[in-house]
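Here is the structure we will look at, set down as structure tokens.
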Amino acid sequence: MTEKQTTPAARSSAPVVRFAPSPTGYLHIGGARTALFNWLYAKARGGTFLLRIEDTDRERNNEAAVAAILDGLRWLELDWSGEPVSQFARAARHREAAEQLLASGNAYRCYLTPAELDAMRAAAEAEKRTLSIRSPWRDKNPDEAPADLPYTIRLKAPREGETVVEDHVQGRVVIPNKDLDDLILLRSDGNPTYNLAVVVDDHDMGITHVVRGVDHLTNAARQTQIYQGLGWSVPEFAHVPLIHGPDGAKLSKRHGALGVEAYRAMGYLPVALRNYLVRLGWSHGDDEIMSTEQLVSWFDLDGIGRSPARFDFAKLEALNAHYIRQTDDHELFERAVAILPEIEGGFDIARRLASGAGPQFRAAIPSLKERSKTLVDLIQGAAYVFAARPLALDEKAAKLLDAPAKDMIGKLVTALEKAPEWSAPALEAIVREFSEANGLKLGKVAQPLRAALTGSTVSPPVFDVMAVLGESESLARLRDHAA
RNA sequence: GGUCCCUUCGUCUAUCGGUUAGGACGCGAGAUUUUCAAUCUUGAAAGACGGGUUCGACUCCCGUAGGGACCGCCA
């Protein structure tokens with residue numbers, strides 16, 4: 001918070017938000033964006049960003065998933081306050097809330113069995129009727145209850161009227177209460193269900209703003225009823241639209257429903273992914289490339305749109321290319337090395353690096369980063385650095401190195417051997433002089449050189465390549481292809 | 001089926017009743033050039049449809065169509 005004088009309202013406006021993933025898998029792209037929005041909102045308002053793991057479903061709990069999610073957040077550089085809260089660990093408190101609801105008459109014990117519920121659903125389906133669970137136990141006298149049968153505790157939700165969700169993104173959403181049934185608060189095994197746990201935890205954690213996917217919009221209405229039953233005030237809501245695949249359908253693995261670690265392995269930078277993700281649904285005028293500082297100062301819930309967005313790799317790549325050019329060489333080197341174990345051929349490169357190719361790779365980065373969309377491109381572009389003599393030529397390079405070209409390279413070697421110093425400008429001067437003397441355009445000379453030096457027709461500027469390779473390696477490669 | 005939400009260039013979006021409907025990615029053309037990039041110039045490209053309201057609608061209202069979310073003793 002700034003030091004400026006604040007009104008009571010402003011002072012109390014420092015929000016407390018949370019990201020609450022369920023540990024069923026990795027941190028997918030939609031979850032990453034939700035976490036980003038929460039994080040930005042907290043940063044923008046001098047608030048607090050908390051984490052809570054929604055692990056009340058013991059059958060699905062998975063420690064590896066929790067670790068993957070935390071790793072994903074860390075990689076994205078979204079830092080949270082304190083330790084992640086385990087929802088499961090708070091089960092006793094949730095039960096207490098259920099009892100409170102029972103005591104105040106806002107909940108009741110329901111002895112409907114799963115089989116009976118299935119039958120009710122099947123009947124509704126057969127009659128093409130809207131299903132609405134109307135438990136017969138809702139209005140029964142407690143002493144009619146069977147003594148030792150398992151029961152669930154259900155919310156005694158209002159049947160008349162409507163429940164209103166005032167949402168920062170969706171606006172005022174009104175849902176008729178007749179369409180909201182008496183949800184289960186406590187399972188027959190005594191464990192709390194999601195909706196109860198969320199309400200109790202959000203309340204206890206002092207959450208002021210709940211920012212999550214629209215798939216929770218109807219839950220917001222149900223949770224509102226629980227808040228009301230408990231006599232607690234409802235937090236502010238912001239339900240953000242979902243991210244769709246390129247075809248408009250649900251995000252599939254082929255598309256982008258990958259864990260963030262997959263984006264890491266594809267060579268994307270966290271800054272780039274953040275910038276891309278924030279623009280999916282949120283905007284600040286025409287701004288596209290925004291620094292984290294700018295995002296923090298501009299971000300607001302009101303800038304989030306209501307329509308779902310499609311994931312577009314091309315735009316992510318464009319942003320990534322931009323950020324790669326902006327990132328300093330050392331950081332690029334570190335990040336590239338870090339993903340080596342995750343990419344094809346990375347193991348061999350790691351070995352070459354360990355056996356002394358590091359300085360050359362570092363030297364190659366400035367020219368490589370100008371033409372790389374991802375770190376993977378950067379690494380692949382450095383293939384010429386890691387290649388061993390005699391170089392394997394690709395098809396186009398082989399075609400380029402015909403007899404006259406080899407002959408020319410022979411002459412070039414002679415000229416280059418006389419270089420006063422082995423630097424890009426000095427080498428360029430020699431080659432330019434050579435081409436002029438022979439009445440050739442520079443490209444006619446540079447391309448065969450490139451082919452012999454890199455085995456490819458595409459590379460950073462040849463003089464940079466020679467400088468990176470050094471005198472002896474460069475000349476050796478050239479001699480390999482000289483007539 | 002019920003409830004709720006959504007609909008501007010191919011994609012992400014700007015516009016908060018009056019604009020030649022803007023930007024970005026992608027795509028086309030050109031410039032530059034040692035290849036590939038980068039960069040610069042430039043072109044094509046949009047208000048789903050139908051009704052209202054209004055002097056005036058992309059913007060407000062209604063309907064239609066299309067899309068999505070939810071409807072578990074999952075979260």
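In the structure tokens, chains take letters A, B, ... by order of appearance, with residues numbered from 1 within each chain and ligands from 1 in the order shown.
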Based on the backbone DSSP call, show me all residues of range 376-409 of chain A assigned helix (DSSP H, G or I), as a PyMOL selection string.
chain A and resi 376-381+383-386+395-400+403-409
Contact residues (chain B, partner chain A, 7 Å, only C-alpha atoms (C1' of nucleotides)) as JSON, numbers by chain:
{"B": [1, 2, 3, 6, 11, 12, 14, 23, 24, 25, 34, 35, 36, 37, 38, 69, 70, 73, 75]}
In terms of only C-alpha atoms, the residue from A:Leu155, A:Leu50, A:Ala67, A:Ala32 at minimal distance from Arg222 in chain A is A:Leu155
List the neighbours of Ala357 in chain A out to 12 Å using only C-alpha atoms (C1' of nucleotides); skip same-chain residues closer than 2 positions along the sequence, and give me the result as a PDB file with all heavy atoms, in the first residue's frame.
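Saved file around-v9.pdb follows:
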ATOM      1  N   ASP A 348      22.555 -35.058 -25.393  1.00  0.00           N
ATOM      2  CA  ASP A 348      23.832 -34.936 -26.095  1.00  0.00           C
ATOM      3  C   ASP A 348      24.383 -33.520 -25.988  1.00  0.00           C
ATOM      4  O   ASP A 348      25.586 -33.323 -25.816  1.00  0.00           O
ATOM      5  CB  ASP A 348      23.662 -35.292 -27.578  1.00  0.00           C
ATOM      6  CG  ASP A 348      23.376 -36.786 -27.752  1.00  0.00           C
ATOM      7  OD1 ASP A 348      23.849 -37.573 -26.898  1.00  0.00           O
ATOM      8  OD2 ASP A 348      22.683 -37.143 -28.718  1.00  0.00           O
ATOM      9  N   ILE A 349      23.482 -32.557 -26.075  1.00  0.00           N
ATOM     10  CA  ILE A 349      23.929 -31.176 -25.979  1.00  0.00           C
ATOM     11  C   ILE A 349      24.469 -30.891 -24.588  1.00  0.00           C
ATOM     12  O   ILE A 349      25.502 -30.234 -24.429  1.00  0.00           O
ATOM     13  CB  ILE A 349      22.770 -30.210 -26.323  1.00  0.00           C
ATOM     14  CG1 ILE A 349      22.414 -30.376 -27.812  1.00  0.00           C
ATOM     15  CG2 ILE A 349      23.160 -28.769 -26.019  1.00  0.00           C
ATOM     16  CD1 ILE A 349      21.200 -29.609 -28.259  1.00  0.00           C
ATOM     17  N   ALA A 350      23.804 -31.429 -23.601  1.00  0.00           N
ATOM     18  CA  ALA A 350      24.271 -31.234 -22.232  1.00  0.00           C
ATOM     19  C   ALA A 350      25.682 -31.793 -22.084  1.00  0.00           C
ATOM     20  O   ALA A 350      26.536 -31.216 -21.408  1.00  0.00           O
ATOM     21  CB  ALA A 350      23.314 -31.917 -21.253  1.00  0.00           C
ATOM     22  N   ARG A 351      25.949 -32.892 -22.740  1.00  0.00           N
ATOM     23  CA  ARG A 351      27.288 -33.477 -22.671  1.00  0.00           C
ATOM     24  C   ARG A 351      28.321 -32.608 -23.363  1.00  0.00           C
ATOM     25  O   ARG A 351      29.432 -32.433 -22.882  1.00  0.00           O
ATOM     26  CB  ARG A 351      27.276 -34.875 -23.290  1.00  0.00           C
ATOM     27  CG  ARG A 351      26.880 -35.897 -22.246  1.00  0.00           C
ATOM     28  CD  ARG A 351      26.879 -37.309 -22.734  1.00  0.00           C
ATOM     29  NE  ARG A 351      27.836 -37.614 -23.788  1.00  0.00           N
ATOM     30  CZ  ARG A 351      27.909 -38.810 -24.376  1.00  0.00           C
ATOM     31  NH1 ARG A 351      27.093 -39.754 -23.993  1.00  0.00           N
ATOM     32  NH2 ARG A 351      28.795 -39.010 -25.325  1.00  0.00           N
ATOM     33  N   ARG A 352      27.949 -32.064 -24.506  1.00  0.00           N
ATOM     34  CA  ARG A 352      28.867 -31.188 -25.228  1.00  0.00           C
ATOM     35  C   ARG A 352      29.171 -29.941 -24.389  1.00  0.00           C
ATOM     36  O   ARG A 352      30.285 -29.432 -24.374  1.00  0.00           O
ATOM     37  CB  ARG A 352      28.257 -30.779 -26.579  1.00  0.00           C
ATOM     38  CG  ARG A 352      28.076 -31.916 -27.539  1.00  0.00           C
ATOM     39  CD  ARG A 352      29.408 -32.317 -28.183  1.00  0.00           C
ATOM     40  NE  ARG A 352      29.886 -31.296 -29.109  1.00  0.00           N
ATOM     41  CZ  ARG A 352      31.018 -30.610 -28.945  1.00  0.00           C
ATOM     42  NH1 ARG A 352      31.770 -30.819 -27.887  1.00  0.00           N
ATOM     43  NH2 ARG A 352      31.385 -29.705 -29.838  1.00  0.00           N
ATOM     44  N   LEU A 353      28.125 -29.489 -23.695  1.00  0.00           N
ATOM     45  CA  LEU A 353      28.291 -28.312 -22.844  1.00  0.00           C
ATOM     46  C   LEU A 353      29.257 -28.640 -21.711  1.00  0.00           C
ATOM     47  O   LEU A 353      30.148 -27.850 -21.366  1.00  0.00           O
ATOM     48  CB  LEU A 353      26.918 -27.930 -22.253  1.00  0.00           C
ATOM     49  CG  LEU A 353      26.220 -26.633 -22.656  1.00  0.00           C
ATOM     50  CD1 LEU A 353      26.710 -26.060 -23.967  1.00  0.00           C
ATOM     51  CD2 LEU A 353      24.713 -26.816 -22.677  1.00  0.00           C
ATOM     52  N   ALA A 354      29.085 -29.825 -21.158  1.00  0.00           N
ATOM     53  CA  ALA A 354      29.932 -30.244 -20.041  1.00  0.00           C
ATOM     54  C   ALA A 354      31.384 -30.415 -20.494  1.00  0.00           C
ATOM     55  O   ALA A 354      32.315 -30.212 -19.716  1.00  0.00           O
ATOM     56  CB  ALA A 354      29.401 -31.542 -19.451  1.00  0.00           C
ATOM     57  N   SER A 355      31.546 -30.765 -21.771  1.00  0.00           N
ATOM     58  CA  SER A 355      32.920 -30.983 -22.235  1.00  0.00           C
ATOM     59  C   SER A 355      33.501 -29.762 -22.927  1.00  0.00           C
ATOM     60  O   SER A 355      34.346 -29.870 -23.809  1.00  0.00           O
ATOM     61  CB  SER A 355      32.974 -32.210 -23.155  1.00  0.00           C
ATOM     62  OG  SER A 355      32.143 -32.006 -24.278  1.00  0.00           O
ATOM     63  N   PRO A 359      31.170 -21.920 -23.518  1.00  0.00           N
ATOM     64  CA  PRO A 359      31.515 -20.565 -23.960  1.00  0.00           C
ATOM     65  C   PRO A 359      31.063 -20.279 -25.392  1.00  0.00           C
ATOM     66  O   PRO A 359      30.613 -19.166 -25.702  1.00  0.00           O
ATOM     67  CB  PRO A 359      33.033 -20.545 -23.840  1.00  0.00           C
ATOM     68  CG  PRO A 359      33.327 -21.532 -22.757  1.00  0.00           C
ATOM     69  CD  PRO A 359      32.325 -22.624 -22.943  1.00  0.00           C
ATOM     70  N   GLN A 360      31.186 -21.277 -26.251  1.00  0.00           N
ATOM     71  CA  GLN A 360      30.767 -21.059 -27.634  1.00  0.00           C
ATOM     72  C   GLN A 360      29.249 -20.896 -27.731  1.00  0.00           C
ATOM     73  O   GLN A 360      28.750 -20.086 -28.502  1.00  0.00           O
ATOM     74  CB  GLN A 360      31.208 -22.231 -28.507  1.00  0.00           C
ATOM     75  CG  GLN A 360      32.703 -22.199 -28.781  1.00  0.00           C
ATOM     76  CD  GLN A 360      33.122 -23.289 -29.745  1.00  0.00           C
ATOM     77  OE1 GLN A 360      32.547 -24.376 -29.734  1.00  0.00           O
ATOM     78  NE2 GLN A 360      34.104 -23.000 -30.570  1.00  0.00           N
ATOM     79  N   PHE A 361      28.545 -21.694 -26.949  1.00  0.00           N
ATOM     80  CA  PHE A 361      27.088 -21.572 -26.963  1.00  0.00           C
ATOM     81  C   PHE A 361      26.695 -20.177 -26.473  1.00  0.00           C
ATOM     82  O   PHE A 361      25.881 -19.497 -27.073  1.00  0.00           O
ATOM     83  CB  PHE A 361      26.465 -22.653 -26.074  1.00  0.00           C
ATOM     84  CG  PHE A 361      24.954 -22.633 -26.052  1.00  0.00           C
ATOM     85  CD1 PHE A 361      24.217 -22.233 -27.171  1.00  0.00           C
ATOM     86  CD2 PHE A 361      24.255 -23.029 -24.910  1.00  0.00           C
ATOM     87  CE1 PHE A 361      22.824 -22.212 -27.151  1.00  0.00           C
ATOM     88  CE2 PHE A 361      22.871 -23.006 -24.878  1.00  0.00           C
ATOM     89  CZ  PHE A 361      22.146 -22.605 -25.998  1.00  0.00           C
ATOM     90  N   ARG A 362      27.342 -19.750 -25.402  1.00  0.00           N
ATOM     91  CA  ARG A 362      27.059 -18.409 -24.875  1.00  0.00           C
ATOM     92  C   ARG A 362      27.344 -17.358 -25.933  1.00  0.00           C
ATOM     93  O   ARG A 362      26.572 -16.414 -26.125  1.00  0.00           O
ATOM     94  CB  ARG A 362      27.947 -18.107 -23.669  1.00  0.00           C
ATOM     95  CG  ARG A 362      27.507 -18.766 -22.379  1.00  0.00           C
ATOM     96  CD  ARG A 362      28.446 -18.366 -21.243  1.00  0.00           C
ATOM     97  NE  ARG A 362      28.210 -19.136 -20.034  1.00  0.00           N
ATOM     98  CZ  ARG A 362      27.278 -18.823 -19.134  1.00  0.00           C
ATOM     99  NH1 ARG A 362      26.515 -17.757 -19.298  1.00  0.00           N
ATOM    100  NH2 ARG A 362      27.114 -19.569 -18.059  1.00  0.00           N
ATOM    101  N   ALA A 363      28.454 -17.541 -26.632  1.00  0.00           N
ATOM    102  CA  ALA A 363      28.841 -16.566 -27.650  1.00  0.00           C
ATOM    103  C   ALA A 363      27.843 -16.536 -28.804  1.00  0.00           C
ATOM    104  O   ALA A 363      27.673 -15.516 -29.467  1.00  0.00           O
ATOM    105  CB  ALA A 363      30.235 -16.892 -28.172  1.00  0.00           C
ATOM    106  N   ALA A 364      27.197 -17.667 -29.028  1.00  0.00           N
ATOM    107  CA  ALA A 364      26.270 -17.760 -30.154  1.00  0.00           C
ATOM    108  C   ALA A 364      24.909 -17.150 -29.836  1.00  0.00           C
ATOM    109  O   ALA A 364      24.148 -16.791 -30.742  1.00  0.00           O
ATOM    110  CB  ALA A 364      26.095 -19.220 -30.557  1.00  0.00           C
ATOM    111  N   ALA A 382      21.596 -23.471 -32.404  1.00  0.00           N
ATOM    112  CA  ALA A 382      22.991 -23.583 -31.996  1.00  0.00           C
ATOM    113  C   ALA A 382      23.582 -24.927 -32.402  1.00  0.00           C
ATOM    114  O   ALA A 382      24.703 -25.257 -32.013  1.00  0.00           O
ATOM    115  CB  ALA A 382      23.104 -23.398 -30.484  1.00  0.00           C
ATOM    116  N   ALA A 383      22.842 -25.672 -33.190  1.00  0.00           N
ATOM    117  CA  ALA A 383      23.315 -27.003 -33.604  1.00  0.00           C
ATOM    118  C   ALA A 383      24.699 -26.911 -34.235  1.00  0.00           C
ATOM    119  O   ALA A 383      25.535 -27.787 -34.044  1.00  0.00           O
ATOM    120  CB  ALA A 383      22.320 -27.627 -34.576  1.00  0.00           C
ATOM    121  N   TYR A 384      24.966 -25.831 -34.969  1.00  0.00           N
ATOM    122  CA  TYR A 384      26.266 -25.711 -35.628  1.00  0.00           C
ATOM    123  C   TYR A 384      27.414 -25.640 -34.619  1.00  0.00           C
ATOM    124  O   TYR A 384      28.535 -26.039 -34.889  1.00  0.00           O
ATOM    125  CB  TYR A 384      26.291 -24.497 -36.561  1.00  0.00           C
ATOM    126  CG  TYR A 384      26.467 -23.141 -35.893  1.00  0.00           C
ATOM    127  CD1 TYR A 384      27.742 -22.638 -35.641  1.00  0.00           C
ATOM    128  CD2 TYR A 384      25.365 -22.373 -35.518  1.00  0.00           C
ATOM    129  CE1 TYR A 384      27.918 -21.399 -35.031  1.00  0.00           C
ATOM    130  CE2 TYR A 384      25.519 -21.145 -34.908  1.00  0.00           C
ATOM    131  CZ  TYR A 384      26.797 -20.656 -34.667  1.00  0.00           C
ATOM    132  OH  TYR A 384      26.973 -19.441 -34.070  1.00  0.00           O
ATOM    133  N   VAL A 385      27.084 -25.137 -33.431  1.00  0.00           N
ATOM    134  CA  VAL A 385      28.099 -25.045 -32.383  1.00  0.00           C
ATOM    135  C   VAL A 385      28.454 -26.434 -31.870  1.00  0.00           C
ATOM    136  O   VAL A 385      29.614 -26.736 -31.618  1.00  0.00           O
ATOM    137  CB  VAL A 385      27.583 -24.179 -31.194  1.00  0.00           C
ATOM    138  CG1 VAL A 385      28.519 -24.311 -29.996  1.00  0.00           C
ATOM    139  CG2 VAL A 385      27.445 -22.726 -31.623  1.00  0.00           C
ATOM    140  N   PHE A 386      27.416 -27.254 -31.745  1.00  0.00           N
ATOM    141  CA  PHE A 386      27.619 -28.577 -31.154  1.00  0.00           C
ATOM    142  C   PHE A 386      28.002 -29.652 -32.161  1.00  0.00           C
ATOM    143  O   PHE A 386      28.395 -30.747 -31.788  1.00  0.00           O
ATOM    144  CB  PHE A 386      26.346 -29.001 -30.416  1.00  0.00           C
ATOM    145  CG  PHE A 386      25.908 -28.003 -29.377  1.00  0.00           C
ATOM    146  CD1 PHE A 386      24.695 -27.330 -29.490  1.00  0.00           C
ATOM    147  CD2 PHE A 386      26.734 -27.720 -28.287  1.00  0.00           C
ATOM    148  CE1 PHE A 386      24.310 -26.404 -28.533  1.00  0.00           C
ATOM    149  CE2 PHE A 386      26.349 -26.798 -27.329  1.00  0.00           C
ATOM    150  CZ  PHE A 386      25.133 -26.131 -27.447  1.00  0.00           C
ATOM    151  N   ALA A 387      27.895 -29.320 -33.427  1.00  0.00           N
ATOM    152  CA  ALA A 387      28.153 -30.324 -34.450  1.00  0.00           C
ATOM    153  C   ALA A 387      29.631 -30.725 -34.485  1.00  0.00           C
ATOM    154  O   ALA A 387      30.517 -29.937 -34.191  1.00  0.00           O
ATOM    155  CB  ALA A 387      27.729 -29.779 -35.811  1.00  0.00           C
ATOM    156  N   ALA A 388      29.879 -31.980 -34.842  1.00  0.00           N
ATOM    157  CA  ALA A 388      31.260 -32.473 -34.917  1.00  0.00           C
ATOM    158  C   ALA A 388      31.666 -32.634 -36.383  1.00  0.00           C
ATOM    159  O   ALA A 388      30.839 -32.898 -37.238  1.00  0.00           O
ATOM    160  CB  ALA A 388      31.359 -33.810 -34.198  1.00  0.00           C
ATOM    161  N   VAL A 468      32.157 -17.117 -33.559  1.00  0.00           N
ATOM    162  CA  VAL A 468      31.764 -18.020 -32.482  1.00  0.00           C
ATOM    163  C   VAL A 468      32.584 -19.301 -32.531  1.00  0.00           C
ATOM    164  O   VAL A 468      33.078 -19.790 -31.514  1.00  0.00           O
ATOM    165  CB  VAL A 468      30.256 -18.369 -32.587  1.00  0.00           C
ATOM    166  CG1 VAL A 468      29.919 -19.568 -31.696  1.00  0.00           C
ATOM    167  CG2 VAL A 468      29.408 -17.156 -32.201  1.00  0.00           C
ATOM    168  N   LEU A 469      32.757 -19.822 -33.725  1.00  0.00           N
ATOM    169  CA  LEU A 469      33.480 -21.086 -33.894  1.00  0.00           C
ATOM    170  C   LEU A 469      34.972 -20.952 -33.600  1.00  0.00           C
ATOM    171  O   LEU A 469      35.629 -21.896 -33.152  1.00  0.00           O
ATOM    172  CB  LEU A 469      33.274 -21.572 -35.329  1.00  0.00           C
ATOM    173  CG  LEU A 469      32.357 -22.754 -35.647  1.00  0.00           C
ATOM    174  CD1 LEU A 469      31.373 -23.062 -34.521  1.00  0.00           C
ATOM    175  CD2 LEU A 469      31.630 -22.526 -36.957  1.00  0.00           C
ATOM    176  N   GLY A 470      35.508 -19.774 -33.890  1.00  0.00           N
ATOM    177  CA  GLY A 470      36.944 -19.594 -33.673  1.00  0.00           C
ATOM    178  C   GLY A 470      37.721 -19.967 -34.928  1.00  0.00           C
ATOM    179  O   GLY A 470      37.206 -20.637 -35.822  1.00  0.00           O
TER     180      GLY A 470
END
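Here the residues within range 213-308 of chain A that DSSP labels strand (DSSP E or B) on the basis of the backbone are Gly213, Glu236, Phe237, Ala238, His239, Val240, Ile243, His244, Lys250, Gly259, Trp282 and Ile304 of chain A.
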Quick one: pull the distance between CA of Gly439 in chain A and CA of Ala415 in chain A, Å, one decimal.
16.0 Å
Which is closest to C71 in chain B among B:A44, B:G17, B:C58, B:C4, if we use only C-alpha atoms (C1' of nucleotides)?
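Using only C-alpha atoms (C1' of nucleotides), the shortest distance to C71 in chain B belongs to B:C4.
Across the structure, CA of Lys406 in chain A and CA of Ser423 in chain A are spaced 23.2 Å apart.
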Interatomic distance between CA of Arg154 in chain A and CA of Gln100 in chain A?
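These atoms are spaced 12.3 Å apart.
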If you count only C-alpha atoms (C1' of nucleotides), which residues fall within 12 Å of Trp232 in chain A, apart from same-chain ones fewer than 2 positions away, as a PyMOL selection string?
chain A and resi 97+101+199-200+202-204+206+223-230+234-235
Nearby residues (only C-alpha atoms (C1' of nucleotides)) at most 12 Å from C40 in chain B, same-chain spacing under 4 positions excluded, as a PDB file with C-alpha atoms (C1' of nucleotides), in the first residue's frame:
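Just written: around.pdb:
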ATOM      1  C1'   G B  30       6.974  -4.033 -51.209  1.00  0.00           C
ATOM      2  C1'   A B  31      11.642  -1.970 -48.990  1.00  0.00           C
ATOM      3  C1'   U B  32      16.160  -3.637 -46.649  1.00  0.00           C
TER       4        U B  32
END
At a cut-off of 8 Å, using only C-alpha atoms (C1' of nucleotides), what residues contact Ile69 in chain A? Leave out same-chain residues fewer than 2 positions from it and give the result as number ranges by chain.
A: 23, 25-27, 65-67, 71-73
